[in-house]
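The data block below is coords.pdb; it holds PDB, C-alpha atoms.
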```pdb
ATOM      1  CA  MET E   1      28.326 -20.582   4.216
ATOM      2  CA  THR E   2      27.848 -18.039   7.020
ATOM      3  CA  ASP E   3      24.603 -16.198   7.743
ATOM      4  CA  ASN E   4      26.225 -13.038   6.438
ATOM      5  CA  ASP E   5      27.119 -14.729   3.166
ATOM      6  CA  ASP E   6      23.598 -16.094   2.913
ATOM      7  CA  MET E   7      22.094 -12.640   3.449
ATOM      8  CA  LYS E   8      24.419 -11.176   0.866
ATOM      9  CA  LEU E   9      23.475 -13.923  -1.548
ATOM     10  CA  ASP E  10      19.789 -13.301  -0.836
ATOM     11  CA  LYS E  11      20.213  -9.607  -1.659
ATOM     12  CA  ALA E  12      22.158 -10.405  -4.806
ATOM     13  CA  PHE E  13      19.551 -12.983  -5.770
ATOM     14  CA  SER E  14      16.688 -10.495  -5.407
ATOM     15  CA  GLN E  15      18.551  -8.015  -7.566
ATOM     16  CA  LEU E  16      19.459 -10.575 -10.143
ATOM     17  CA  LEU E  17      15.876 -11.669 -10.560
ATOM     18  CA  ARG E  18      15.065  -8.185 -11.795
ATOM     19  CA  TYR E  19      16.796  -9.286 -14.951
ATOM     20  CA  ALA E  20      14.391 -12.144 -15.500
ATOM     21  CA  SER E  21      11.822 -11.740 -18.238
ATOM     22  CA  GLU E  22       8.412 -10.500 -17.337
ATOM     23  CA  THR E  23       5.885 -13.176 -18.012
ATOM     24  CA  PRO E  24       3.816 -12.292 -21.049
ATOM     25  CA  VAL E  25       0.165 -13.028 -20.180
ATOM     26  CA  PRO E  26      -1.594 -13.317 -23.548
ATOM     27  CA  PRO E  27      -4.293 -10.661 -23.915
ATOM     28  CA  GLY E  28      -7.027 -13.172 -24.762
ATOM     29  CA  ALA E  29      -6.190 -15.669 -22.016
ATOM     30  CA  GLN E  30      -8.896 -14.570 -19.602
ATOM     31  CA  SER E  31     -11.626 -14.503 -22.239
ATOM     32  CA  HIS E  32     -10.584 -17.981 -23.442
ATOM     33  CA  LEU E  33     -10.820 -19.176 -19.861
ATOM     34  CA  MET E  34     -14.249 -17.641 -19.346
ATOM     35  CA  ALA E  35     -15.491 -19.172 -22.594
ATOM     36  CA  ARG E  36     -14.376 -22.558 -21.295
ATOM     37  CA  ILE E  37     -15.963 -21.905 -17.897
ATOM     38  CA  ARG E  38     -19.303 -21.021 -19.464
ATOM     39  CA  ALA E  39     -19.195 -24.238 -21.476
ATOM     40  CA  THR E  40     -18.276 -26.416 -18.478
ATOM     41  CA  PRO E  41     -21.008 -27.838 -16.271
ATOM     42  CA  GLN E  42     -20.475 -27.773 -12.554
ATOM     43  CA  LEU E  43     -20.219 -31.099 -10.803
ATOM     44  CA  GLY E  44     -22.233 -32.175  -7.776
ATOM     45  CA  TYR E  45     -21.439 -29.146  -5.660
ATOM     46  CA  THR E  46     -25.029 -28.480  -4.686
ATOM     47  CA  GLN E  47     -25.204 -30.951  -1.875
ATOM     48  CA  GLU E  48     -21.870 -29.898  -0.426
ATOM     49  CA  LEU E  49     -22.912 -26.284  -0.312
ATOM     50  CA  GLN E  50     -26.281 -26.925   1.268
ATOM     51  CA  PRO E  51     -26.456 -25.837   4.865
ATOM     52  CA  ARG E  52     -26.374 -28.641   7.343
ATOM     53  CA  MET E  53     -29.851 -30.153   7.663
ATOM     54  CA  LYS E  54     -31.694 -28.616  10.590
ATOM     55  CA  LEU E  55     -33.030 -30.831  13.332
ATOM     56  CA  PRO E  56     -36.705 -31.507  12.874
ATOM     57  CA  TYR E  57     -38.675 -28.999  14.893
ATOM     58  CA  PHE E  58     -40.616 -31.785  16.606
ATOM     59  CA  ARG E  59     -37.489 -33.519  17.871
ATOM     60  CA  PRO E  60     -37.815 -32.211  21.458
ATOM     61  CA  ALA E  61     -41.389 -33.487  21.453
ATOM     62  CA  LEU E  62     -40.098 -37.026  20.951
ATOM     63  CA  GLY E  63     -38.713 -36.932  24.475
ATOM     64  CA  LEU E  64     -42.063 -36.049  26.049
ATOM     65  CA  PRO E  65     -43.709 -39.484  25.744
ATOM     66  CA  LEU E  66     -40.550 -41.093  27.106
ATOM     67  CA  ALA E  67     -40.500 -38.762  30.096
ATOM     68  CA  ALA E  68     -44.233 -39.299  30.711
ATOM     69  CA  SER E  69     -43.757 -43.050  30.523
ATOM     70  CA  LEU E  70     -40.928 -42.873  33.059
ATOM     71  CA  LEU E  71     -42.993 -40.785  35.477
ATOM     72  CA  LEU E  72     -45.989 -43.126  35.123
ATOM     73  CA  GLY E  73     -43.751 -46.084  35.878
ATOM     74  CA  ILE E  74     -42.406 -44.427  39.015
ATOM     75  CA  TYR E  75     -45.934 -43.519  40.142
ATOM     76  CA  LEU E  76     -47.320 -47.016  39.589
ATOM     77  CA  GLY E  77     -44.304 -48.474  41.313
ATOM     78  CA  THR E  78     -45.147 -46.591  44.469
ATOM     79  CA  GLN E  79     -48.732 -47.940  44.416
ATOM     80  CA  ASP E  80     -49.778 -51.483  45.437
ATOM     81  CA  SER E  81     -52.382 -51.742  42.687
ATOM     82  CA  PHE E  82     -50.345 -54.128  40.551
ATOM     83  CA  ASP E  83     -48.690 -56.218  43.262
ATOM     84  CA  ASN E  84     -51.032 -59.153  42.548
ATOM     85  CA  ILE E  85     -49.933 -59.434  38.978
ATOM     86  CA  TRP E  86     -46.201 -59.161  39.646
ATOM     87  CA  SER E  87     -44.112 -61.959  41.040
ATOM     88  CA  ASP E  88     -43.474 -62.220  44.761
ATOM     89  CA  THR E  89     -39.797 -61.691  44.215
ATOM     90  CA  ILE E  90     -40.509 -58.228  42.887
ATOM     91  CA  THR E  91     -43.097 -57.267  45.472
ATOM     92  CA  GLY E  92     -40.999 -58.537  48.393
ATOM     93  CA  LEU E  93     -43.733 -60.905  49.644
ATOM     94  CA  VAL E  94     -41.283 -63.796  49.925
ATOM     95  CA  LEU E  95     -39.348 -61.949  52.557
ATOM     96  CA  ALA E  96     -42.536 -61.013  54.353
ATOM     97  CA  ASP E  97     -43.735 -64.665  54.573
ATOM     98  CA  PRO E  98     -43.086 -66.513  57.806
ATOM     99  CA  PRO E  99     -40.913 -69.670  57.666
ATOM    100  CA  GLU E 100     -42.816 -72.846  56.865
ATOM    101  CA  PRO E 101     -43.647 -75.100  59.816
ATOM    102  CA  GLY E 102     -41.205 -77.938  60.324
ATOM    103  CA  VAL E 103     -38.326 -76.115  58.837
ATOM    104  CA  THR E 104     -35.975 -75.073  61.576
ATOM    105  CA  ASN E 105     -32.966 -72.974  61.526
ATOM    106  CA  GLY E 106     -31.572 -74.152  64.849
ATOM    107  CA  PHE E 107     -32.173 -71.037  66.833
ATOM    108  CA  GLU E 108     -35.396 -72.406  68.324
ATOM    109  CA  ASP E 109     -33.422 -75.103  70.172
ATOM    110  CA  ILE E 110     -30.967 -72.804  71.873
ATOM    111  CA  GLU E 111     -32.910 -72.557  75.117
ATOM    112  CA  GLN E 112     -33.430 -76.304  75.272
ATOM    113  CA  TYR E 113     -29.707 -76.873  74.808
ATOM    114  CA  ALA E 114     -29.065 -74.292  77.455
ATOM    115  CA  ASP E 115     -31.444 -76.041  79.872
ATOM    116  CA  GLY E 116     -29.837 -79.407  79.203
ATOM    117  CA  GLU E 117     -32.945 -80.918  77.651
ATOM    118  CA  LEU E 118     -31.108 -81.670  74.466
ATOM    119  CA  THR E 119     -27.679 -83.039  73.975
TER     120      THR E 119
ATOM    121  CA  MET F 120     -18.396 -13.956  -4.139
ATOM    122  CA  LEU F 121     -17.119 -17.465  -3.968
ATOM    123  CA  LEU F 122     -20.532 -18.706  -2.969
ATOM    124  CA  ALA F 123     -22.122 -16.728  -5.765
ATOM    125  CA  SER F 124     -19.743 -18.405  -8.170
ATOM    126  CA  ALA F 125     -20.607 -21.734  -6.693
ATOM    127  CA  ARG F 126     -24.196 -21.112  -7.555
ATOM    128  CA  ARG F 127     -23.292 -21.180 -11.211
ATOM    129  CA  ASP F 128     -22.876 -17.457 -11.509
ATOM    130  CA  ALA F 129     -20.314 -17.175 -14.265
ATOM    131  CA  ASP F 130     -20.242 -13.394 -13.955
ATOM    132  CA  ALA F 131     -19.179 -13.613 -10.318
ATOM    133  CA  PHE F 132     -16.614 -16.232 -11.288
ATOM    134  CA  GLU F 133     -15.240 -13.865 -13.905
ATOM    135  CA  GLU F 134     -14.310 -11.495 -11.090
ATOM    136  CA  LEU F 135     -12.217 -14.272  -9.552
ATOM    137  CA  VAL F 136     -10.558 -14.822 -12.904
ATOM    138  CA  ARG F 137      -9.788 -11.120 -13.267
ATOM    139  CA  ARG F 138      -8.290 -11.057  -9.796
ATOM    140  CA  TYR F 139      -6.133 -14.184  -9.806
ATOM    141  CA  HIS F 140      -5.564 -15.367 -13.368
ATOM    142  CA  ALA F 141      -2.435 -13.307 -14.034
ATOM    143  CA  SER F 142      -0.686 -14.619 -10.890
ATOM    144  CA  VAL F 143      -1.597 -18.205 -11.687
ATOM    145  CA  TYR F 144      -0.569 -17.808 -15.305
ATOM    146  CA  ARG F 145       2.818 -16.281 -14.416
ATOM    147  CA  MET F 146       3.561 -19.014 -11.907
ATOM    148  CA  VAL F 147       2.664 -21.774 -14.383
ATOM    149  CA  TRP F 148       4.701 -20.068 -17.098
ATOM    150  CA  ARG F 149       7.739 -20.069 -14.819
ATOM    151  CA  MET F 150       7.185 -23.676 -13.801
ATOM    152  CA  LEU F 151       6.837 -24.844 -17.421
ATOM    153  CA  ASN F 152       9.754 -22.680 -18.562
ATOM    154  CA  GLY F 153       7.573 -20.667 -20.887
ATOM    155  CA  ASN F 154       6.044 -23.710 -22.517
ATOM    156  CA  GLY F 155       3.013 -23.381 -24.783
ATOM    157  CA  GLU F 156       0.905 -25.483 -22.420
ATOM    158  CA  THR F 157       0.922 -22.692 -19.863
ATOM    159  CA  GLU F 158      -2.508 -21.404 -20.832
ATOM    160  CA  ASP F 159      -4.126 -24.852 -20.690
ATOM    161  CA  VAL F 160      -2.620 -25.667 -17.304
ATOM    162  CA  ALA F 161      -3.622 -22.310 -15.816
ATOM    163  CA  GLN F 162      -7.134 -22.772 -17.224
ATOM    164  CA  GLU F 163      -7.378 -26.219 -15.705
ATOM    165  CA  ALA F 164      -6.900 -24.864 -12.183
ATOM    166  CA  PHE F 165      -9.803 -22.446 -12.638
ATOM    167  CA  VAL F 166     -11.988 -25.097 -14.219
ATOM    168  CA  LYS F 167     -11.416 -27.306 -11.173
ATOM    169  CA  LEU F 168     -12.530 -24.455  -8.961
ATOM    170  CA  TRP F 169     -15.565 -23.788 -11.135
ATOM    171  CA  GLN F 170     -16.589 -27.412 -11.159
ATOM    172  CA  ASN F 171     -16.411 -27.819  -7.430
ATOM    173  CA  PRO F 172     -16.106 -24.524  -5.580
ATOM    174  CA  ALA F 173     -16.899 -26.186  -2.249
ATOM    175  CA  GLN F 174     -13.292 -27.413  -2.188
ATOM    176  CA  VAL F 175     -12.281 -23.967  -0.969
ATOM    177  CA  ARG F 176     -13.746 -23.512   2.475
ATOM    178  CA  GLU F 177     -12.216 -20.160   3.367
ATOM    179  CA  PRO F 178     -12.439 -17.348   0.801
ATOM    180  CA  LYS F 179      -9.111 -16.036   2.145
ATOM    181  CA  ALA F 180      -7.442 -19.286   1.115
ATOM    182  CA  LEU F 181      -8.588 -18.987  -2.498
ATOM    183  CA  LYS F 182      -5.391 -17.614  -4.031
ATOM    184  CA  GLY F 183      -3.286 -20.163  -2.168
ATOM    185  CA  TRP F 184      -5.613 -22.939  -3.303
ATOM    186  CA  LEU F 185      -5.420 -21.865  -6.938
ATOM    187  CA  MET F 186      -1.630 -21.591  -6.774
ATOM    188  CA  ARG F 187      -1.332 -25.034  -5.188
ATOM    189  CA  VAL F 188      -3.621 -26.708  -7.719
ATOM    190  CA  ALA F 189      -1.970 -24.942 -10.645
ATOM    191  CA  SER F 190       1.541 -25.775  -9.431
ATOM    192  CA  ASN F 191       0.590 -29.431  -8.984
ATOM    193  CA  LEU F 192      -0.877 -29.489 -12.497
ATOM    194  CA  ALA F 193       2.277 -27.843 -13.835
ATOM    195  CA  ILE F 194       4.519 -30.387 -12.097
ATOM    196  CA  ASP F 195       2.336 -33.231 -13.436
ATOM    197  CA  SER F 196       2.633 -31.758 -16.901
ATOM    198  CA  LEU F 197       6.409 -31.454 -16.541
ATOM    199  CA  ARG F 198       6.705 -35.080 -15.515
ATOM    200  CA  ARG F 199       4.458 -36.364 -18.283
ATOM    201  CA  LYS F 200       6.693 -35.206 -21.047
ATOM    202  CA  VAL F 201       9.803 -33.316 -21.830
ATOM    203  CA  HIS F 202       8.984 -29.703 -22.419
ATOM    204  CA  THR F 203      10.399 -27.200 -24.788
ATOM    205  CA  ASP F 204      13.327 -25.594 -23.103
ATOM    206  CA  ILE F 205      13.025 -21.893 -22.433
ATOM    207  CA  GLU F 206      16.024 -21.400 -24.713
ATOM    208  CA  ALA F 207      13.903 -22.631 -27.591
ATOM    209  CA  VAL F 208      10.993 -20.274 -26.910
ATOM    210  CA  PRO F 209      11.158 -17.442 -29.389
ATOM    211  CA  ASP F 210      11.628 -14.011 -27.887
ATOM    212  CA  ILE F 211       8.681 -11.674 -27.959
ATOM    213  CA  VAL F 212       9.177  -9.419 -30.904
ATOM    214  CA  ASP F 213       9.336  -5.780 -29.998
ATOM    215  CA  PRO F 214       8.111  -3.689 -32.930
ATOM    216  CA  ALA F 215      10.261  -0.736 -31.875
ATOM    217  CA  PRO F 216      13.897  -0.894 -32.869
ATOM    218  CA  SER F 217      15.974  -1.931 -29.882
ATOM    219  CA  SER F 218      18.881   0.033 -28.560
ATOM    220  CA  GLY F 219      22.138  -1.579 -27.524
ATOM    221  CA  VAL F 220      21.113  -1.319 -23.855
ATOM    222  CA  GLU F 221      17.816  -3.049 -24.570
ATOM    223  CA  LEU F 222      19.549  -5.870 -26.344
ATOM    224  CA  GLU F 223      21.939  -6.270 -23.433
ATOM    225  CA  LYS F 224      19.002  -6.392 -21.045
ATOM    226  CA  ARG F 225      17.331  -9.050 -23.128
ATOM    227  CA  ALA F 226      20.466 -11.109 -23.258
ATOM    228  CA  ALA F 227      20.790 -10.839 -19.474
ATOM    229  CA  ALA F 228      17.115 -11.769 -19.031
ATOM    230  CA  LYS F 229      17.643 -14.829 -21.201
ATOM    231  CA  ARG F 230      20.636 -15.930 -19.128
ATOM    232  CA  VAL F 231      18.705 -15.523 -15.885
ATOM    233  CA  ASP F 232      15.628 -17.270 -17.309
ATOM    234  CA  GLU F 233      17.772 -20.187 -18.423
ATOM    235  CA  ALA F 234      19.398 -20.453 -15.017
ATOM    236  CA  LEU F 235      15.968 -20.390 -13.353
ATOM    237  CA  ALA F 236      14.684 -23.012 -15.764
ATOM    238  CA  LYS F 237      17.426 -25.381 -14.634
ATOM    239  CA  LEU F 238      16.320 -25.246 -10.987
ATOM    240  CA  PRO F 239      14.582 -28.341  -9.640
ATOM    241  CA  GLU F 240      10.755 -28.123  -9.543
ATOM    242  CA  ARG F 241      10.372 -27.268  -5.892
ATOM    243  CA  GLN F 242      13.155 -24.694  -5.899
ATOM    244  CA  LYS F 243      11.642 -23.069  -8.958
ATOM    245  CA  LEU F 244       8.217 -23.007  -7.358
ATOM    246  CA  ALA F 245       9.545 -21.485  -4.136
ATOM    247  CA  VAL F 246      11.437 -18.777  -6.033
ATOM    248  CA  THR F 247       8.416 -18.027  -8.215
ATOM    249  CA  LEU F 248       6.019 -17.706  -5.302
ATOM    250  CA  VAL F 249       8.285 -15.644  -3.064
ATOM    251  CA  TYR F 250      10.366 -13.551  -5.464
ATOM    252  CA  PHE F 251       8.135 -13.166  -8.508
ATOM    253  CA  GLU F 252       4.682 -13.262  -6.950
ATOM    254  CA  GLY F 253       5.689 -11.512  -3.735
ATOM    255  CA  MET F 254       4.007 -14.032  -1.475
ATOM    256  CA  SER F 255       5.046 -14.165   2.166
ATOM    257  CA  ASN F 256       7.065 -17.160   3.306
ATOM    258  CA  ILE F 257       4.050 -18.334   5.312
ATOM    259  CA  SER F 258       1.722 -18.214   2.301
ATOM    260  CA  ALA F 259       4.272 -19.808  -0.016
ATOM    261  CA  ALA F 260       4.928 -22.577   2.507
ATOM    262  CA  SER F 261       1.193 -23.199   2.695
ATOM    263  CA  VAL F 262       0.945 -23.442  -1.104
ATOM    264  CA  MET F 263       3.837 -25.907  -1.156
ATOM    265  CA  ASN F 264       2.491 -27.789   1.850
ATOM    266  CA  VAL F 265       5.764 -27.503   3.750
ATOM    267  CA  SER F 266       6.810 -25.758   6.955
ATOM    268  CA  VAL F 267       8.205 -22.229   6.820
ATOM    269  CA  ASP F 268      11.605 -23.596   7.880
ATOM    270  CA  ALA F 269      11.524 -26.071   5.018
ATOM    271  CA  LEU F 270      10.596 -23.312   2.578
ATOM    272  CA  GLU F 271      13.491 -21.157   3.759
ATOM    273  CA  SER F 272      15.809 -24.087   3.310
ATOM    274  CA  ILE F 273      14.511 -24.614  -0.238
ATOM    275  CA  LEU F 274      14.999 -20.916  -0.986
ATOM    276  CA  SER F 275      18.524 -21.033   0.368
ATOM    277  CA  ARG F 276      19.332 -23.988  -1.883
ATOM    278  CA  SER F 277      17.713 -22.160  -4.824
ATOM    279  CA  ARG F 278      19.976 -19.175  -4.371
ATOM    280  CA  ARG F 279      23.068 -21.361  -4.310
ATOM    281  CA  SER F 280      21.849 -23.379  -7.302
ATOM    282  CA  LEU F 281      21.165 -20.237  -9.303
ATOM    283  CA  LYS F 282      24.603 -18.919  -8.492
ATOM    284  CA  GLU F 283      26.109 -22.196  -9.700
ATOM    285  CA  ASN F 284      23.915 -22.222 -12.811
ATOM    286  CA  LEU F 285      24.977 -18.732 -13.742
ATOM    287  CA  ALA F 286      28.603 -19.432 -12.970
ATOM    288  CA  ALA F 287      30.694 -16.616 -14.419
ATOM    289  CA  ASP F 288      27.628 -14.620 -15.444
ATOM    290  CA  TRP F 289      26.644 -14.230 -11.803
ATOM    291  CA  ARG F 290      29.360 -11.719 -11.029
ATOM    292  CA  ALA F 291      29.089  -9.907 -14.324
ATOM    293  CA  LEU F 292      25.332  -9.485 -14.059
ATOM    294  CA  LEU F 293      25.526  -8.181 -10.527
ATOM    295  CA  GLN F 294      28.306  -5.797 -11.451
ATOM    296  CA  GLU F 295      26.096  -4.465 -14.212
ATOM    297  CA  LEU F 296      23.298  -3.964 -11.734
ATOM    298  CA  ASP F 297      25.349  -2.226  -9.100
ATOM    299  CA  PRO F 298      29.117  -1.898  -9.570
ATOM    300  CA  GLU F 299      29.479  -0.525  -6.021
ATOM    301  CA  LEU F 300      28.424  -3.782  -4.413
ATOM    302  CA  GLY F 301      31.360  -5.817  -5.628
ATOM    303  CA  TYR F 302      29.782  -9.257  -5.358
ATOM    304  CA  ARG F 303      32.036 -12.239  -5.440
TER     305      ARG F 303
END
```

Would you kindly transcribe this structure into structure tokens?
Amino acid sequence: MTDNDDMKLDKAFSQLLRYASETPVPPGAQSHLMARIRATPQLGYTQELQPRMKLPYFRPALGLPLAASLLLGIYLGTQDSFDNIWSDTITGLVLADPPEPGVTNGFEDIEQYADGELT
Amino acid sequence: MLLASARRDADAFEELVRRYHASVYRMVWRMLNGNGETEDVAQEAFVKLWQNPAQVREPKALKGWLMRVASNLAIDSLRRKVHTDIEAVPDIVDPAPSSGVELEKRAAAKRVDEALAKLPERQKLAVTLVYFEGMSNISAASVMNVSVDALESILSRSRRSLKENLAADWRALLQELDPELGYR
């Protein structure tokens, strides 16, 4: 079927449907429906129609103690007041300590090797 | 208005009924081929809306929503049991004596109604929404939950089916409408 045929058929179809019966809507249909509506309880719509719960007004305030705690931590970290109660690894004292006597790393002997005192 | 209805305001809901009931009723009547269950099925769509109005999010989509729910209910009803054929539905009695022309018109209407009744569900729904209810292809496609292209394809098949269903009557009816056109 060509487009032209289809268009012609569409036009004929529209005209033909004028012949179809008009739907008889019974006069009392709407009042019957409303009587049924008034007798029918609504189901759990209330929650769905409620506006989305607002954020509690104090929510931003919850961040304040966290921020204060962070700042206090940074401040105390820059002070030496608590170094004695933290481990040496944290305070960096291990690195600051001199090597123990008797423990050599070999570098001390370089000059002696160079002078021929050691073989 | 929809929100007012949702708040259990039956008076506001009545306005919705006044506005959309006739369209829903006509569509269901077509789908059920004039069956006596039409009123119950049309009512059911509104009761569903009344019970849970939050299902319709956009007020603009209300008519489409009602048509979709009602058409689904009508199709369910059709599938549940065999309905009275439109041929068996008694004609509405006109108290005024009918002229020969009126009788001819009624006979033609009956032939067209019968041909429409024989269309498959989806074709019948598409024809009802677009041709009888004057919905745009976009709105009708939305009601049927298909693309506009798919709707146009359904409509095209409906036209061919109706032509086949009417067979010889097709030409005669169109000639009666407009002899100048000379439809084949």

Considering all atoms listed in the file, give me a table of residues in chain F that are at most 6 Å from chain E, with the closest atom pair and distance in Å for each, as a Markdown table.
```
| residue | atom | partner | partner_atom | distance |
| --- | --- | --- | --- | --- |
| F:Arg145 | CA | E:Thr23 | CA | 5.7 |
| F:Gln162 | CA | E:Leu33 | CA | 5.8 |
| F:Gln170 | CA | E:Gln42 | CA | 4.1 |
| F:Asn171 | CA | E:Tyr45 | CA | 5.5 |
| F:Ala228 | CA | E:Ala20 | CA | 4.5 |
| F:Val231 | CA | E:Ala20 | CA | 5.5 |
| F:Asp232 | CA | E:Ala20 | CA | 5.6 |
```

If I take CA of Val147 in chain F and CA of Ser190 in chain F, how far is one from the other in Å, to one decimal?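 Separation between CA of Val147 in chain F and CA of Ser190 in chain F: 6.5 Å.
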
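Closest approach to Glu240 in chain F from the set F:Arg127, F:Arg149, F:Arg137, F:Arg199 is made by F:Arg149, with distances taken over only C-alpha atoms.
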
Using all atoms listed in the file, find the one residue out of F:Arg230, F:Lys167, F:Arg176, F:Arg279 that sits nearest to Leu292 in chain F.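 When distances to Leu292 in chain F are compared using all atoms listed in the file, the smallest one comes from F:Arg230.
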
Expressed in Å, the length from CA of Val166 in chain F to CA of Gly253 in chain F is 24.6 Å

Just how far from CA of Met186 in chain F is CA of Pro172 in chain F, in Å to one decimal?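 Value for the CA of Pro172 in chain F-CA of Met186 in chain F distance: 14.8 Å.
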
Quick one: residues within 8 Å of Leu270 in chain F, all atoms listed in the file, excluding same-chain residues fewer than 4 positions away - as a PDB file with C-alpha atoms, in the frame of the given file?
```
ATOM      1  CA  ALA F 245       9.545 -21.485  -4.136  1.00  0.00           C
ATOM      2  CA  ASN F 256       7.065 -17.160   3.306  1.00  0.00           C
ATOM      3  CA  ALA F 259       4.272 -19.808  -0.016  1.00  0.00           C
ATOM      4  CA  ALA F 260       4.928 -22.577   2.507  1.00  0.00           C
ATOM      5  CA  VAL F 265       5.764 -27.503   3.750  1.00  0.00           C
ATOM      6  CA  SER F 266       6.810 -25.758   6.955  1.00  0.00           C
ATOM      7  CA  LEU F 274      14.999 -20.916  -0.986  1.00  0.00           C
TER       8      LEU F 274
END
```

Smallest atom-to-atom distance to Ala180 in chain F: which of F:Val262, F:Ser272, F:Trp289, F:Arg241, using only C-alpha atoms? F:Val262

Could you pull the residues within 12 Å of Arg198 in chain F, counting all atoms listed in the file, minus those fewer than 4 positions along the same chain, as a VMD selection string? chain F and resid 150 to 151 191 to 194 202 239 to 240

I need range 275-292 of chain F written out with N, CA and C atoms, as a PDB file, in the first residue's frame; please produce it.
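Final output, saved to result26.pdb:
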```
ATOM      1  N   SER F 275      -2.620   2.374  11.416  1.00  0.00           N
ATOM      2  CA  SER F 275      -2.621   1.974  10.016  1.00  0.00           C
ATOM      3  C   SER F 275      -3.231   0.569   9.864  1.00  0.00           C
ATOM      4  N   ARG F 276      -2.842  -0.310  10.787  1.00  0.00           N
ATOM      5  CA  ARG F 276      -3.410  -1.675  10.736  1.00  0.00           C
ATOM      6  C   ARG F 276      -4.910  -1.639  11.025  1.00  0.00           C
ATOM      7  N   SER F 277      -5.313  -0.725  11.936  1.00  0.00           N
ATOM      8  CA  SER F 277      -6.741  -0.624  12.289  1.00  0.00           C
ATOM      9  C   SER F 277      -7.567  -0.238  11.076  1.00  0.00           C
ATOM     10  N   ARG F 278      -7.030   0.716  10.319  1.00  0.00           N
ATOM     11  CA  ARG F 278      -7.779   1.175   9.140  1.00  0.00           C
ATOM     12  C   ARG F 278      -7.961   0.029   8.146  1.00  0.00           C
ATOM     13  N   ARG F 279      -6.871  -0.717   7.946  1.00  0.00           N
ATOM     14  CA  ARG F 279      -6.975  -1.839   6.994  1.00  0.00           C
ATOM     15  C   ARG F 279      -7.927  -2.915   7.520  1.00  0.00           C
ATOM     16  N   SER F 280      -7.824  -3.169   8.847  1.00  0.00           N
ATOM     17  CA  SER F 280      -8.706  -4.194   9.439  1.00  0.00           C
ATOM     18  C   SER F 280     -10.168  -3.791   9.301  1.00  0.00           C
ATOM     19  N   LEU F 281     -10.429  -2.494   9.569  1.00  0.00           N
ATOM     20  CA  LEU F 281     -11.825  -2.046   9.496  1.00  0.00           C
ATOM     21  C   LEU F 281     -12.356  -2.175   8.072  1.00  0.00           C
ATOM     22  N   LYS F 282     -11.486  -1.851   7.134  1.00  0.00           N
ATOM     23  CA  LYS F 282     -11.894  -1.968   5.727  1.00  0.00           C
ATOM     24  C   LYS F 282     -12.230  -3.428   5.411  1.00  0.00           C
ATOM     25  N   GLU F 283     -11.382  -4.331   5.921  1.00  0.00           N
ATOM     26  CA  GLU F 283     -11.651  -5.764   5.676  1.00  0.00           C
ATOM     27  C   GLU F 283     -12.926  -6.199   6.383  1.00  0.00           C
ATOM     28  N   ASN F 284     -13.105  -5.712   7.627  1.00  0.00           N
ATOM     29  CA  ASN F 284     -14.291  -6.111   8.398  1.00  0.00           C
ATOM     30  C   ASN F 284     -15.586  -5.644   7.736  1.00  0.00           C
ATOM     31  N   LEU F 285     -15.499  -4.468   7.125  1.00  0.00           N
ATOM     32  CA  LEU F 285     -16.714  -3.945   6.498  1.00  0.00           C
ATOM     33  C   LEU F 285     -16.947  -4.536   5.116  1.00  0.00           C
ATOM     34  N   ALA F 286     -15.878  -5.017   4.538  1.00  0.00           N
ATOM     35  CA  ALA F 286     -15.952  -5.650   3.220  1.00  0.00           C
ATOM     36  C   ALA F 286     -16.768  -4.802   2.233  1.00  0.00           C
ATOM     37  N   ALA F 287     -17.841  -5.340   1.744  1.00  0.00           N
ATOM     38  CA  ALA F 287     -18.615  -4.646   0.709  1.00  0.00           C
ATOM     39  C   ALA F 287     -19.249  -3.364   1.236  1.00  0.00           C
ATOM     40  N   ASP F 288     -19.552  -3.347   2.541  1.00  0.00           N
ATOM     41  CA  ASP F 288     -20.204  -2.165   3.109  1.00  0.00           C
ATOM     42  C   ASP F 288     -19.310  -0.933   3.039  1.00  0.00           C
ATOM     43  N   TRP F 289     -18.003  -1.182   3.066  1.00  0.00           N
ATOM     44  CA  TRP F 289     -17.040  -0.077   3.071  1.00  0.00           C
ATOM     45  C   TRP F 289     -17.341   0.925   1.961  1.00  0.00           C
ATOM     46  N   ARG F 290     -17.415   0.396   0.748  1.00  0.00           N
ATOM     47  CA  ARG F 290     -17.614   1.270  -0.413  1.00  0.00           C
ATOM     48  C   ARG F 290     -18.996   1.932  -0.372  1.00  0.00           C
ATOM     49  N   ALA F 291     -19.984   1.122  -0.023  1.00  0.00           N
ATOM     50  CA  ALA F 291     -21.344   1.649  -0.014  1.00  0.00           C
ATOM     51  C   ALA F 291     -21.494   2.765   1.015  1.00  0.00           C
ATOM     52  N   LEU F 292     -20.923   2.551   2.189  1.00  0.00           N
ATOM     53  CA  LEU F 292     -21.045   3.564   3.243  1.00  0.00           C
ATOM     54  C   LEU F 292     -20.360   4.868   2.845  1.00  0.00           C
TER      55      LEU F 292
END
```
